[in-house]
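Engineer: Next comes the structure file target-v3.tsv, holding TSV, C-alpha atoms.
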```tsv
chain	number	residue	atom	x	y	z
A	7	MET	CA	0.00	0.00	0.00
A	8	ALA	CA	2.77	2.44	0.93
A	9	GLN	CA	4.58	1.56	-2.28
A	10	ASP	CA	1.41	2.21	-4.29
A	11	MET	CA	0.98	5.64	-2.64
A	12	GLU	CA	4.58	6.59	-3.34
A	13	GLN	CA	4.18	5.54	-6.96
A	14	LEU	CA	1.01	7.62	-7.22
A	15	TYR	CA	2.79	10.57	-5.61
A	16	GLN	CA	5.70	10.41	-8.04
A	17	GLN	CA	3.29	10.18	-10.98
A	18	ARG	CA	1.37	13.22	-9.78
A	19	LEU	CA	4.51	15.20	-8.99
A	20	LYS	CA	5.89	14.58	-12.48
A	21	ARG	CA	2.57	15.61	-14.04
A	22	TYR	CA	2.34	18.78	-11.97
A	23	VAL	CA	5.95	19.86	-12.47
A	24	THR	CA	5.87	19.11	-16.21
A	25	ALA	CA	2.82	21.34	-16.66
A	26	MET	CA	4.33	24.14	-14.56
A	27	ARG	CA	7.42	24.05	-16.76
A	28	ASN	CA	5.07	24.65	-19.70
A	29	GLY	CA	5.44	21.07	-20.94
A	30	LYS	CA	2.88	18.43	-21.86
A	31	PRO	CA	2.36	15.77	-19.17
A	32	ASP	CA	0.30	12.60	-19.49
A	33	MET	CA	-2.84	14.55	-18.54
A	34	VAL	CA	-3.91	17.96	-17.25
A	35	PRO	CA	-2.99	18.18	-13.55
A	36	ILE	CA	-5.68	19.22	-11.08
A	37	ARG	CA	-4.66	21.59	-8.28
A	38	PRO	CA	-7.65	23.31	-6.69
A	39	PHE	CA	-6.90	25.98	-4.12
A	40	VAL	CA	-9.59	24.86	-1.69
A	41	ALA	CA	-9.83	26.82	1.56
A	42	GLU	CA	-13.00	26.89	3.68
A	43	PHE	CA	-14.51	24.28	1.37
A	44	THR	CA	-12.24	21.78	3.09
A	45	ALA	CA	-13.89	22.62	6.41
A	46	LYS	CA	-17.38	22.07	5.09
A	47	TYR	CA	-16.44	18.83	3.40
A	48	ALA	CA	-14.70	17.48	6.50
A	49	GLY	CA	-17.56	18.47	8.83
A	50	TYR	CA	-15.93	21.44	10.55
A	51	THR	CA	-16.91	25.09	10.91
A	52	CYS	CA	-14.81	28.00	9.71
A	53	GLN	CA	-14.16	28.82	13.34
A	54	GLN	CA	-12.69	25.36	14.00
A	55	VAL	CA	-10.27	25.35	11.07
A	56	CYS	CA	-9.18	28.92	11.83
A	57	GLN	CA	-8.62	28.35	15.55
A	58	ASP	CA	-6.86	24.96	15.39
A	59	TYR	CA	-4.45	24.46	12.53
A	60	GLU	CA	-4.33	20.71	13.17
A	61	ILE	CA	-8.04	20.61	12.34
A	62	ALA	CA	-7.33	22.65	9.20
A	63	PHE	CA	-4.59	20.19	8.25
A	64	ASP	CA	-6.98	17.29	8.85
A	65	ALA	CA	-9.61	18.91	6.62
A	66	ALA	CA	-7.08	19.33	3.80
A	67	ARG	CA	-6.03	15.68	4.12
A	68	LYS	CA	-9.63	14.47	4.02
A	69	CYS	CA	-10.27	16.38	0.81
A	70	ALA	CA	-7.03	15.16	-0.74
A	71	ALA	CA	-7.96	11.56	0.03
A	72	ALA	CA	-11.52	11.93	-1.26
A	73	PHE	CA	-10.88	13.70	-4.58
A	74	ASP	CA	-8.59	12.72	-7.45
A	75	TRP	CA	-6.39	15.80	-7.21
A	76	ASP	CA	-2.73	15.94	-8.07
A	77	ALA	CA	-1.81	18.71	-5.64
A	78	VAL	CA	-3.36	20.75	-2.85
A	79	VAL	CA	-2.14	23.44	-0.49
A	80	ALA	CA	-1.31	21.91	2.88
A	81	ASN	CA	-3.56	24.51	4.54
A	82	MET	CA	-5.26	27.07	2.33
A	83	VAL	CA	-7.12	28.42	5.40
A	84	TYR	CA	-3.89	30.28	6.07
A	85	GLY	CA	-5.14	32.87	8.58
A	86	TRP	CA	-4.46	31.09	11.86
A	87	MET	CA	-6.52	32.94	14.41
A	88	GLY	CA	-4.74	31.46	17.44
A	89	PHE	CA	-1.78	33.67	16.58
A	90	ALA	CA	-4.05	36.63	15.87
A	91	GLN	CA	-5.80	36.31	19.21
A	92	ALA	CA	-2.60	35.82	21.18
A	93	LEU	CA	-1.65	39.36	20.17
A	94	ASP	CA	-5.23	40.60	19.73
A	95	LEU	CA	-4.45	41.85	16.22
A	96	LYS	CA	-6.76	44.62	15.11
A	97	TYR	CA	-6.72	43.82	11.39
A	98	TYR	CA	-8.43	40.41	11.66
A	99	ALA	CA	-12.11	39.67	12.22
A	100	VAL	CA	-12.13	36.25	13.87
A	101	PRO	CA	-14.83	33.62	13.16
A	102	GLY	CA	-16.90	33.02	16.27
A	103	VAL	CA	-15.69	36.27	17.85
A	104	HIS	CA	-16.21	39.17	15.44
A	105	VAL	CA	-18.09	37.30	12.71
A	106	ALA	CA	-20.28	34.21	12.75
A	107	PRO	CA	-18.57	30.82	13.38
A	108	THR	CA	-19.65	29.78	9.89
A	109	ASN	CA	-17.99	32.77	8.19
A	110	ALA	CA	-14.43	32.91	6.90
A	111	PHE	CA	-12.00	35.19	8.69
A	112	GLN	CA	-11.96	38.75	7.39
A	113	TYR	CA	-9.42	41.53	7.02
A	114	ARG	CA	-10.39	44.82	8.61
A	115	GLU	CA	-9.60	47.85	6.49
A	116	PRO	CA	-8.61	50.86	8.62
A	117	SER	CA	-9.86	54.35	7.94
A	118	GLU	CA	-7.31	56.84	6.66
A	119	GLU	CA	-7.09	58.43	10.11
A	120	ASP	CA	-6.60	55.09	11.90
A	121	ALA	CA	-4.09	53.51	9.51
A	122	TRP	CA	-1.48	51.35	11.26
A	123	MET	CA	1.20	53.59	9.74
A	124	GLN	CA	0.83	57.36	9.46
A	125	PRO	CA	2.15	59.58	6.62
A	126	GLU	CA	4.80	61.14	8.86
A	127	ASP	CA	6.27	57.65	9.48
A	128	TYR	CA	7.55	57.07	5.94
A	129	ASP	CA	11.11	58.28	6.53
A	130	GLU	CA	11.56	56.17	9.65
A	131	PHE	CA	9.97	53.18	7.89
A	132	ALA	CA	12.42	53.42	4.99
A	133	SER	CA	15.54	54.08	7.09
A	134	ASP	CA	15.00	51.58	9.94
A	135	LEU	CA	12.29	49.11	8.96
A	136	MET	CA	12.82	46.53	11.71
A	137	GLY	CA	13.06	49.19	14.40
A	138	TYR	CA	9.89	50.81	13.12
A	139	LEU	CA	8.02	47.48	13.10
A	140	TRP	CA	8.96	46.67	16.66
A	141	ASN	CA	8.69	50.09	18.25
A	142	LYS	CA	5.69	51.63	16.48
A	143	TRP	CA	3.79	49.31	14.17
A	144	LEU	CA	3.39	46.26	16.40
A	145	PRO	CA	2.01	48.17	19.42
A	146	ARG	CA	-0.50	49.83	17.06
A	147	VAL	CA	-1.84	46.64	15.51
A	148	ALA	CA	-1.66	44.38	18.58
A	149	LYS	CA	-3.75	45.39	21.57
A	150	GLU	CA	-1.80	43.12	23.92
A	151	VAL	CA	1.60	44.64	23.08
A	152	ASN	CA	2.89	47.78	24.75
A	153	GLY	CA	5.25	50.18	23.02
A	154	PRO	CA	8.84	50.81	24.17
A	155	ASP	CA	7.62	53.55	26.49
A	156	GLY	CA	4.93	51.34	28.02
A	157	PRO	CA	5.26	48.91	30.93
A	158	ALA	CA	6.56	45.38	30.34
A	159	THR	CA	3.44	43.88	31.84
A	160	TYR	CA	2.69	40.21	32.34
A	161	ARG	CA	0.07	40.30	29.57
A	162	ASN	CA	2.48	42.00	27.20
A	163	ASN	CA	5.20	39.42	27.81
A	164	VAL	CA	2.89	36.41	27.64
A	165	ALA	CA	1.37	37.65	24.37
A	166	LEU	CA	4.80	37.88	22.76
A	167	VAL	CA	5.87	34.45	24.03
A	168	LYS	CA	2.59	32.77	23.06
A	169	SER	CA	2.52	34.24	19.57
A	170	GLY	CA	6.18	33.47	18.92
A	171	MET	CA	5.96	29.87	20.10
A	172	GLY	CA	2.67	29.40	18.30
A	173	MET	CA	3.99	30.56	14.94
A	174	LEU	CA	7.11	28.42	15.36
A	175	ASN	CA	4.98	25.34	15.98
A	176	TYR	CA	2.62	26.20	13.14
A	177	PHE	CA	5.27	26.58	10.45
A	178	HIS	CA	7.21	23.53	11.61
A	179	ALA	CA	4.02	21.47	11.32
A	180	PHE	CA	3.85	22.02	7.54
A	181	GLY	CA	6.66	19.53	6.96
A	182	THR	CA	4.72	16.81	8.72
A	183	GLN	CA	1.57	17.79	6.85
A	184	ALA	CA	3.29	17.53	3.46
A	185	ALA	CA	4.69	14.12	4.42
A	186	ARG	CA	1.24	12.87	5.46
A	187	LEU	CA	-0.36	14.08	2.22
A	188	ARG	CA	2.32	12.16	0.34
A	189	LYS	CA	1.99	9.00	2.41
A	190	GLU	CA	-1.77	8.86	2.97
A	191	SER	CA	-3.17	9.95	-0.40
A	192	GLY	CA	-0.22	10.36	-2.75
A	193	THR	CA	-0.95	14.09	-3.01
A	194	VAL	CA	1.65	16.76	-3.76
A	195	SER	CA	1.88	19.82	-1.51
A	196	ALA	CA	1.19	22.45	-4.18
A	197	ILE	CA	3.32	25.38	-3.01
A	198	SER	CA	6.26	26.03	-0.73
A	199	GLY	CA	7.08	29.52	0.41
A	200	ILE	CA	5.00	32.65	0.15
A	201	LEU	CA	5.56	36.13	-1.23
A	202	LYS	CA	3.67	39.40	-1.42
A	203	ALA	CA	4.50	42.45	-3.47
A	204	PRO	CA	5.98	45.31	-1.43
A	205	PHE	CA	3.16	47.56	-2.65
A	206	ASP	CA	0.53	45.09	-1.44
A	207	ILE	CA	2.18	44.77	1.97
A	208	LEU	CA	2.22	48.55	2.31
A	209	ALA	CA	-1.49	48.70	1.47
A	210	ASP	CA	-2.60	45.70	3.53
A	211	LYS	CA	-0.66	45.99	6.74
A	212	PHE	CA	0.48	49.60	7.02
A	213	ARG	CA	-1.33	52.43	5.23
A	214	GLY	CA	-4.60	50.76	4.29
A	215	TYR	CA	-5.94	51.11	0.78
A	216	ILE	CA	-7.46	54.57	1.30
A	217	GLY	CA	-4.33	55.94	2.93
A	218	LEU	CA	-2.08	54.51	0.23
A	219	THR	CA	-4.34	55.91	-2.48
A	220	MET	CA	-3.79	59.38	-1.06
A	221	ASP	CA	-0.04	58.76	-0.81
A	222	LEU	CA	0.19	57.83	-4.49
A	223	PHE	CA	-0.63	61.43	-5.35
A	224	GLU	CA	0.75	63.31	-2.35
A	225	ARG	CA	4.05	61.47	-1.68
A	226	PRO	CA	4.78	58.89	-4.43
A	227	GLU	CA	8.56	59.00	-3.88
A	228	LYS	CA	8.11	58.07	-0.23
A	229	VAL	CA	5.87	55.18	-1.28
A	230	LYS	CA	8.59	53.92	-3.59
A	231	LYS	CA	11.29	54.18	-0.91
A	232	ALA	CA	9.06	52.27	1.51
A	233	CYS	CA	8.50	49.53	-1.09
A	234	GLU	CA	12.24	49.36	-1.72
A	235	ALA	CA	12.87	48.99	2.01
A	236	LEU	CA	10.55	45.97	2.07
A	237	MET	CA	12.13	44.22	-0.93
A	238	PRO	CA	15.02	42.33	0.73
A	239	HIS	CA	12.85	41.19	3.63
A	240	LEU	CA	10.13	39.86	1.34
A	241	LEU	CA	12.70	38.07	-0.81
A	242	TRP	CA	14.18	36.44	2.28
A	243	MET	CA	10.74	35.41	3.49
A	244	ALA	CA	9.94	33.78	0.14
A	245	LEU	CA	13.23	31.90	-0.11
A	246	SER	CA	13.22	30.79	3.53
A	247	GLY	CA	10.18	28.63	2.88
A	248	ALA	CA	11.01	27.56	-0.68
A	249	ASP	CA	11.08	23.93	-1.81
A	250	PRO	CA	14.69	22.70	-1.41
A	251	ASP	CA	14.13	20.32	-4.33
A	252	LYS	CA	12.94	23.26	-6.47
A	253	ASN	CA	9.89	21.40	-7.73
A	254	VAL	CA	6.87	23.33	-6.46
A	255	PRO	CA	6.64	27.13	-6.70
A	256	ILE	CA	6.65	30.00	-4.26
A	257	ALA	CA	3.20	31.61	-4.31
A	258	ILE	CA	2.47	35.31	-4.51
A	259	TRP	CA	-1.04	36.62	-3.82
A	260	MET	CA	-1.65	39.71	-5.97
A	261	HIS	CA	-4.57	42.05	-5.39
A	262	ARG	CA	-3.88	45.80	-4.88
A	263	GLY	CA	-1.63	46.68	-7.80
A	264	CYS	CA	-3.84	46.20	-10.84
A	265	VAL	CA	-5.94	48.64	-12.82
A	266	PRO	CA	-8.31	50.18	-11.66
A	267	PHE	CA	-6.81	50.22	-8.14
A	268	VAL	CA	-3.82	52.06	-9.57
A	269	ASN	CA	-3.18	53.66	-12.94
A	270	HIS	CA	-0.67	52.35	-15.47
A	271	ASP	CA	2.13	54.70	-14.44
A	272	GLN	CA	1.71	53.81	-10.77
A	273	PHE	CA	1.76	50.12	-11.63
A	274	ARG	CA	4.95	50.48	-13.65
A	275	ASP	CA	6.84	52.84	-11.34
A	276	LEU	CA	5.78	51.50	-7.94
A	277	TYR	CA	4.19	48.06	-8.04
A	278	TRP	CA	6.14	46.42	-10.86
A	279	ALA	CA	9.41	48.24	-10.30
A	280	THR	CA	9.72	46.79	-6.79
A	281	LEU	CA	8.27	43.34	-7.51
A	282	LYS	CA	9.98	42.37	-10.77
A	283	PRO	CA	13.52	42.29	-9.29
A	284	ILE	CA	12.33	39.95	-6.53
A	285	ILE	CA	10.81	37.52	-9.05
A	286	GLU	CA	13.97	37.64	-11.15
A	287	GLU	CA	16.14	36.88	-8.12
A	288	ILE	CA	13.88	34.01	-7.07
A	289	TRP	CA	14.21	32.58	-10.59
A	290	ARG	CA	17.98	33.07	-10.49
A	291	ARG	CA	17.97	30.89	-7.37
A	292	GLY	CA	16.12	28.17	-9.30
A	293	HIS	CA	12.54	28.64	-8.07
A	294	GLN	CA	9.36	29.39	-9.98
A	295	THR	CA	6.77	31.84	-8.66
A	296	LEU	CA	3.05	31.23	-8.91
A	297	PHE	CA	1.37	34.53	-9.80
A	298	TYR	CA	-2.02	34.18	-8.12
A	299	ALA	CA	-3.52	37.17	-9.92
A	300	GLU	CA	-6.69	37.85	-7.97
A	301	GLY	CA	-9.08	40.09	-9.86
A	302	LYS	CA	-8.33	41.44	-13.32
A	303	TRP	CA	-4.73	41.82	-14.45
A	304	GLY	CA	-5.19	41.72	-18.21
A	305	ALA	CA	-3.90	45.30	-18.55
A	306	HIS	CA	-0.48	44.14	-17.33
A	307	LEU	CA	0.12	40.93	-19.27
A	308	GLN	CA	2.76	42.59	-21.43
A	309	SER	CA	4.65	43.66	-18.32
A	310	PHE	CA	4.67	40.07	-17.08
A	311	ARG	CA	6.19	39.04	-20.40
A	312	GLU	CA	9.31	40.97	-19.37
A	313	LEU	CA	10.14	38.13	-16.97
A	314	PRO	CA	12.35	35.22	-18.06
A	315	ALA	CA	10.54	32.37	-19.79
A	316	GLY	CA	9.41	29.73	-17.31
A	317	SER	CA	9.99	31.91	-14.24
A	318	ILE	CA	6.30	32.13	-13.33
A	319	ILE	CA	3.06	30.20	-13.54
A	320	TYR	CA	0.23	32.66	-14.17
A	321	HIS	CA	-3.05	31.98	-12.38
A	322	CYS	CA	-6.03	33.53	-14.14
A	323	ASP	CA	-8.95	34.70	-12.00
A	324	GLN	CA	-11.38	37.13	-13.65
A	325	ASP	CA	-9.59	37.77	-16.93
A	326	ASP	CA	-10.46	35.97	-20.16
A	327	ILE	CA	-8.50	32.71	-19.91
A	328	PHE	CA	-8.31	32.44	-23.69
A	329	GLN	CA	-6.77	35.92	-24.02
A	330	VAL	CA	-4.32	35.10	-21.22
A	331	HIS	CA	-3.37	31.93	-23.06
A	332	ARG	CA	-2.80	33.79	-26.32
A	333	GLU	CA	-0.60	36.42	-24.69
A	334	LEU	CA	1.42	34.37	-22.19
A	335	HIS	CA	1.44	30.69	-23.07
A	336	ASP	CA	4.54	30.83	-25.27
A	337	LYS	CA	6.54	31.86	-22.18
A	338	PHE	CA	4.64	30.67	-19.11
A	339	ALA	CA	2.34	27.93	-17.88
A	340	ILE	CA	-1.18	28.95	-16.88
A	341	SER	CA	-3.49	27.76	-14.13
A	342	GLY	CA	-7.05	28.57	-13.12
A	343	GLY	CA	-9.59	30.30	-15.27
A	344	GLY	CA	-11.34	26.97	-15.12
A	345	VAL	CA	-14.65	27.33	-13.33
A	346	PRO	CA	-15.85	30.71	-11.99
A	347	ASN	CA	-16.45	30.49	-8.26
A	348	TYR	CA	-20.04	31.66	-8.55
A	349	MET	CA	-20.69	28.65	-10.79
A	350	LEU	CA	-19.31	26.31	-8.12
A	351	GLN	CA	-21.85	27.85	-5.76
A	352	ILE	CA	-25.03	28.07	-7.84
A	353	GLY	CA	-24.30	26.09	-11.00
A	354	LYS	CA	-25.23	22.54	-11.90
A	355	PRO	CA	-22.75	19.70	-12.39
A	356	GLN	CA	-23.47	19.52	-16.12
A	357	GLN	CA	-22.69	23.24	-16.47
A	358	ILE	CA	-19.42	22.66	-14.66
A	359	ARG	CA	-18.51	19.80	-16.98
A	360	GLU	CA	-19.23	21.85	-20.09
A	361	TYR	CA	-17.17	24.77	-18.82
A	362	VAL	CA	-14.20	22.56	-17.97
A	363	LYS	CA	-14.38	20.95	-21.42
A	364	LYS	CA	-14.38	24.37	-23.11
A	365	VAL	CA	-11.37	25.58	-21.14
A	366	ILE	CA	-9.31	22.44	-21.66
A	367	GLU	CA	-10.02	22.40	-25.38
A	368	GLY	CA	-9.16	26.09	-25.65
A	369	VAL	CA	-5.98	26.40	-23.59
A	370	ALA	CA	-4.58	23.00	-22.65
A	371	LYS	CA	-3.99	21.15	-25.94
A	372	ASP	CA	-0.25	21.94	-25.98
A	373	GLY	CA	0.28	21.39	-22.24
A	374	GLY	CA	1.34	24.04	-19.78
A	375	TYR	CA	-2.04	24.21	-18.05
A	376	ILE	CA	-3.15	23.31	-14.50
A	377	MET	CA	-6.86	22.96	-13.77
A	378	ASP	CA	-8.22	25.03	-10.91
A	379	ALA	CA	-11.20	27.21	-10.10
A	380	SER	CA	-10.86	30.90	-10.84
A	381	ALA	CA	-10.21	31.88	-7.23
A	382	ILE	CA	-9.80	30.36	-3.77
A	383	VAL	CA	-12.69	27.98	-3.09
A	384	GLN	CA	-14.61	28.76	0.07
A	385	ASP	CA	-17.46	27.00	1.81
A	386	ASP	CA	-20.19	28.22	-0.55
A	387	ALA	CA	-19.06	25.74	-3.22
A	388	LYS	CA	-21.19	22.61	-3.62
A	389	THR	CA	-19.47	19.28	-3.21
A	390	GLU	CA	-21.15	17.86	-6.30
A	391	ASN	CA	-19.80	20.76	-8.36
A	392	ILE	CA	-16.25	20.24	-7.09
A	393	GLN	CA	-16.63	16.58	-7.98
A	394	ALA	CA	-17.91	17.49	-11.44
A	395	MET	CA	-14.92	19.79	-12.02
A	396	THR	CA	-12.57	16.99	-10.98
A	397	ASP	CA	-14.24	14.30	-13.07
A	398	ALA	CA	-14.47	16.51	-16.17
A	399	ALA	CA	-10.81	17.49	-15.90
A	400	ARG	CA	-9.84	13.83	-15.83
A	401	GLU	CA	-12.17	12.91	-18.71
A	402	TYR	CA	-11.28	15.76	-21.05
A	403	GLY	CA	-7.70	16.38	-19.87
A	404	GLN	CA	-6.07	13.29	-21.37
A	405	TYR	CA	-3.21	13.80	-23.82
```
Could you rewrite the structure in this file as structure tokens?

Structural biologist:
Amino acid sequence: MAQDMEQLYQQRLKRYVTAMRNGKPDMVPIRPFVAEFTAKYAGYTCQQVCQDYEIAFDAARKCAAAFDWDAVVANMVYGWMGFAQALDLKYYAVPGVHVAPTNAFQYREPSEEDAWMQPEDYDEFASDLMGYLWNKWLPRVAKEVNGPDGPATYRNNVALVKSGMGMLNYFHAFGTQAARLRKESGTVSAISGILKAPFDILADKFRGYIGLTMDLFERPEKVKKACEALMPHLLWMALSGADPDKNVPIAIWMHRGCVPFVNHDQFRDLYWATLKPIIEEIWRRGHQTLFYAEGKWGAHLQSFRELPAGSIIYHCDQDDIFQVHRELHDKFAISGGGVPNYMLQIGKPQQIREYVKKVIEGVAKDGGYIMDASAIVQDDAKTENIQAMTDAAREYGQY
């Protein structure tokens, strides 16, 4: 049995890697980014998988064993709320605390006045990033943490110890999770390492979208210097978790830097100027990057073509998958664009099958394609529709 699982794992790994390298495997690999759907399928609530990462791991394993998928993310419900609550982070809404136990965790967007970083902080941020994070940013976003001028209270110290030990345990557990997926269901762990664009980090965790929007017009040079200050740290973060065998990619979640959130000049001069060198360095080290392009990024496809051939896998969300294929496939593999998430929620299995067939026939005939839904699958997706997507990909995805 163990030998059979290892054989299945090696077959799936070869299929997945071949497609990501823009080659033609034996069949189209299936790699759905299933998040809260795993909780529903395994019989858990969103609150349970967010609060206990071992439950989230278990849910991912149950889905991997039940569906004929080549690869899954070891835990796509990545927002572990135990860590968030240890510090009492202000930018998370926790299932069962701030939102219903059946709802996914949410990010809280600050007002311009209450942004975690203020406009006058840019110079300090750019000149001493780590000092700024520890002395100013952390006490602002974590209710349990006192600033350097505050008392070193028992609650302050325990919060720092609990959160630090918790994150250490959490990240170390991913190795065991990947090994169990391999041994128990022959499933590949789909990504290793994570990246975010400096611009997105600045928007998400520091200025907020409204504050950053103002900064783009009032102090664009300071925005660029802040993004440049983040670059080496984000590169290190990505490489520190990368696959040592250089098979599966580092993932980057992209969401704030596309039109219409920013204009073309702002994309080129701020977003792309500080992200492209990171991707190029990751590729120089031998790792691919999965561009998980949430939203619509069709206006920037020609910019992505500036990257070395094979350096990225482009995941299509709301853009026309056939246009993406025409513009990128000669250089990069493509994933997603398969089934719109709304269709997984309200569609019928036969509709799902027809959509999968259309996509595979249109973009997968020469290889270089990985089947997935358009975006991260949450708990509104119907199990029968996920099964239909899987079955159709196997039926129509043979080479």

Engineer: At most 12 Å is the cut-off: for each residue in stretch 134-208 of chain A with any atom that close to an atom of stretch 215-238 of chain A, write down the nearest atom pair and the distance in Å rounded to one decimal, counting only C-alpha atoms, chain first then increasing number, as a Markdown table.

Structural biologist:
```
| residue | atom | partner | partner_atom | distance |
| --- | --- | --- | --- | --- |
| A:Asp134 | CA | A:Ala235 | CA | 8.6 |
| A:Leu135 | CA | A:Ala235 | CA | 7.0 |
| A:Met136 | CA | A:Leu236 | CA | 9.9 |
| A:Tyr138 | CA | A:Ala235 | CA | 11.6 |
| A:Leu139 | CA | A:Leu236 | CA | 11.4 |
| A:Leu201 | CA | A:Met237 | CA | 10.4 |
| A:Lys202 | CA | A:Met237 | CA | 9.7 |
| A:Ala203 | CA | A:Met237 | CA | 8.2 |
| A:Pro204 | CA | A:Cys233 | CA | 4.9 |
| A:Phe205 | CA | A:Cys233 | CA | 5.9 |
| A:Asp206 | CA | A:Tyr215 | CA | 9.1 |
| A:Ile207 | CA | A:Leu236 | CA | 8.5 |
| A:Leu208 | CA | A:Cys233 | CA | 7.2 |
```

Engineer: Neighbours of A:Phe89 within 9 Å (all atoms listed in the file; same-chain residues fewer than 2 positions away dropped), as a list in words?

Structural biologist: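 Those residues are Gln57, Gly85, Trp86, Met87, Gln91, Ala92, Leu93, Asp94, Leu95, Lys168, Ser169, Gly170, Gly172 and Met173 of chain A.
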
Engineer: Keeping only C-alpha atoms, write the selected residues as an mmCIF file, keeping the file's coordinate frame.

Structural biologist:
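Final file, part-v9.cif:
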```cif
data_model
loop_
_atom_site.group_PDB
_atom_site.id
_atom_site.type_symbol
_atom_site.label_atom_id
_atom_site.label_comp_id
_atom_site.auth_asym_id
_atom_site.auth_seq_id
_atom_site.Cartn_x
_atom_site.Cartn_y
_atom_site.Cartn_z
ATOM 1 C CA GLN A 57 -8.620 28.350 15.550
ATOM 2 C CA GLY A 85 -5.140 32.870 8.580
ATOM 3 C CA TRP A 86 -4.460 31.090 11.860
ATOM 4 C CA MET A 87 -6.520 32.940 14.410
ATOM 5 C CA GLN A 91 -5.800 36.310 19.210
ATOM 6 C CA ALA A 92 -2.600 35.820 21.180
ATOM 7 C CA LEU A 93 -1.650 39.360 20.170
ATOM 8 C CA ASP A 94 -5.230 40.600 19.730
ATOM 9 C CA LEU A 95 -4.450 41.850 16.220
ATOM 10 C CA LYS A 168 2.590 32.770 23.060
ATOM 11 C CA SER A 169 2.520 34.240 19.570
ATOM 12 C CA GLY A 170 6.180 33.470 18.920
ATOM 13 C CA GLY A 172 2.670 29.400 18.300
ATOM 14 C CA MET A 173 3.990 30.560 14.940
#
```

Engineer: Each residue of stretch 180-239 of chain A with at least one atom at most 12 Å from stretch 7-24 of chain A should appear once, together with its nearest atom pair and the corresponding distance in Å (one decimal); atoms considered: only C-alpha atoms; ordering: chain, then increasing residue number; output as a tab-separated table.

Structural biologist:
```
residue	atom	partner	partner_atom	distance
A:Ala184	CA	A:Tyr15	CA	11.4
A:Ala185	CA	A:Tyr15	CA	10.8
A:Arg186	CA	A:Met11	CA	10.9
A:Leu187	CA	A:Tyr15	CA	9.1
A:Arg188	CA	A:Tyr15	CA	6.2
A:Lys189	CA	A:Met11	CA	6.1
A:Glu190	CA	A:Met11	CA	7.0
A:Ser191	CA	A:Met11	CA	6.4
A:Gly192	CA	A:Tyr15	CA	4.2
A:Thr193	CA	A:Tyr15	CA	5.8
A:Val194	CA	A:Leu19	CA	6.2
A:Ser195	CA	A:Leu19	CA	9.2
A:Ala196	CA	A:Tyr22	CA	8.7
A:Ile197	CA	A:Tyr22	CA	11.2
```

Engineer: Taking 5 positions as the minimum chain separation for residues in the same chain, which residues sit within 10 Å of A:Gly342 when counting all atoms listed in the file? Answer as a PDB file with C-alpha atoms, keeping the file's coordinate frame.

Structural biologist:
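Generated file (out17.pdb):
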```pdb
ATOM      1  CA  ILE A  36      -5.680  19.220 -11.080  1.00  0.00           C
ATOM      2  CA  ARG A  37      -4.660  21.590  -8.280  1.00  0.00           C
ATOM      3  CA  PRO A  38      -7.650  23.310  -6.690  1.00  0.00           C
ATOM      4  CA  PHE A  39      -6.900  25.980  -4.120  1.00  0.00           C
ATOM      5  CA  TYR A 298      -2.020  34.180  -8.120  1.00  0.00           C
ATOM      6  CA  ALA A 299      -3.520  37.170  -9.920  1.00  0.00           C
ATOM      7  CA  TYR A 320       0.230  32.660 -14.170  1.00  0.00           C
ATOM      8  CA  HIS A 321      -3.050  31.980 -12.380  1.00  0.00           C
ATOM      9  CA  CYS A 322      -6.030  33.530 -14.140  1.00  0.00           C
ATOM     10  CA  ASP A 323      -8.950  34.700 -12.000  1.00  0.00           C
ATOM     11  CA  GLN A 324     -11.380  37.130 -13.650  1.00  0.00           C
ATOM     12  CA  ILE A 327      -8.500  32.710 -19.910  1.00  0.00           C
ATOM     13  CA  VAL A 365     -11.370  25.580 -21.140  1.00  0.00           C
ATOM     14  CA  TYR A 375      -2.040  24.210 -18.050  1.00  0.00           C
ATOM     15  CA  ILE A 376      -3.150  23.310 -14.500  1.00  0.00           C
ATOM     16  CA  MET A 377      -6.860  22.960 -13.770  1.00  0.00           C
ATOM     17  CA  ASP A 378      -8.220  25.030 -10.910  1.00  0.00           C
ATOM     18  CA  ALA A 379     -11.200  27.210 -10.100  1.00  0.00           C
ATOM     19  CA  SER A 380     -10.860  30.900 -10.840  1.00  0.00           C
ATOM     20  CA  ALA A 381     -10.210  31.880  -7.230  1.00  0.00           C
ATOM     21  CA  ILE A 382      -9.800  30.360  -3.770  1.00  0.00           C
TER      22      ILE A 382
END
```

Engineer: Using all atoms listed in the file, which residue out of A:Arg67, A:Arg290, A:Lys302, A:Lys282 lies closest to A:Thr182?

Structural biologist: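 Going through A:Arg67, A:Arg290, A:Lys302, A:Lys282 one by one, the smallest distance to A:Thr182 is for A:Arg67.
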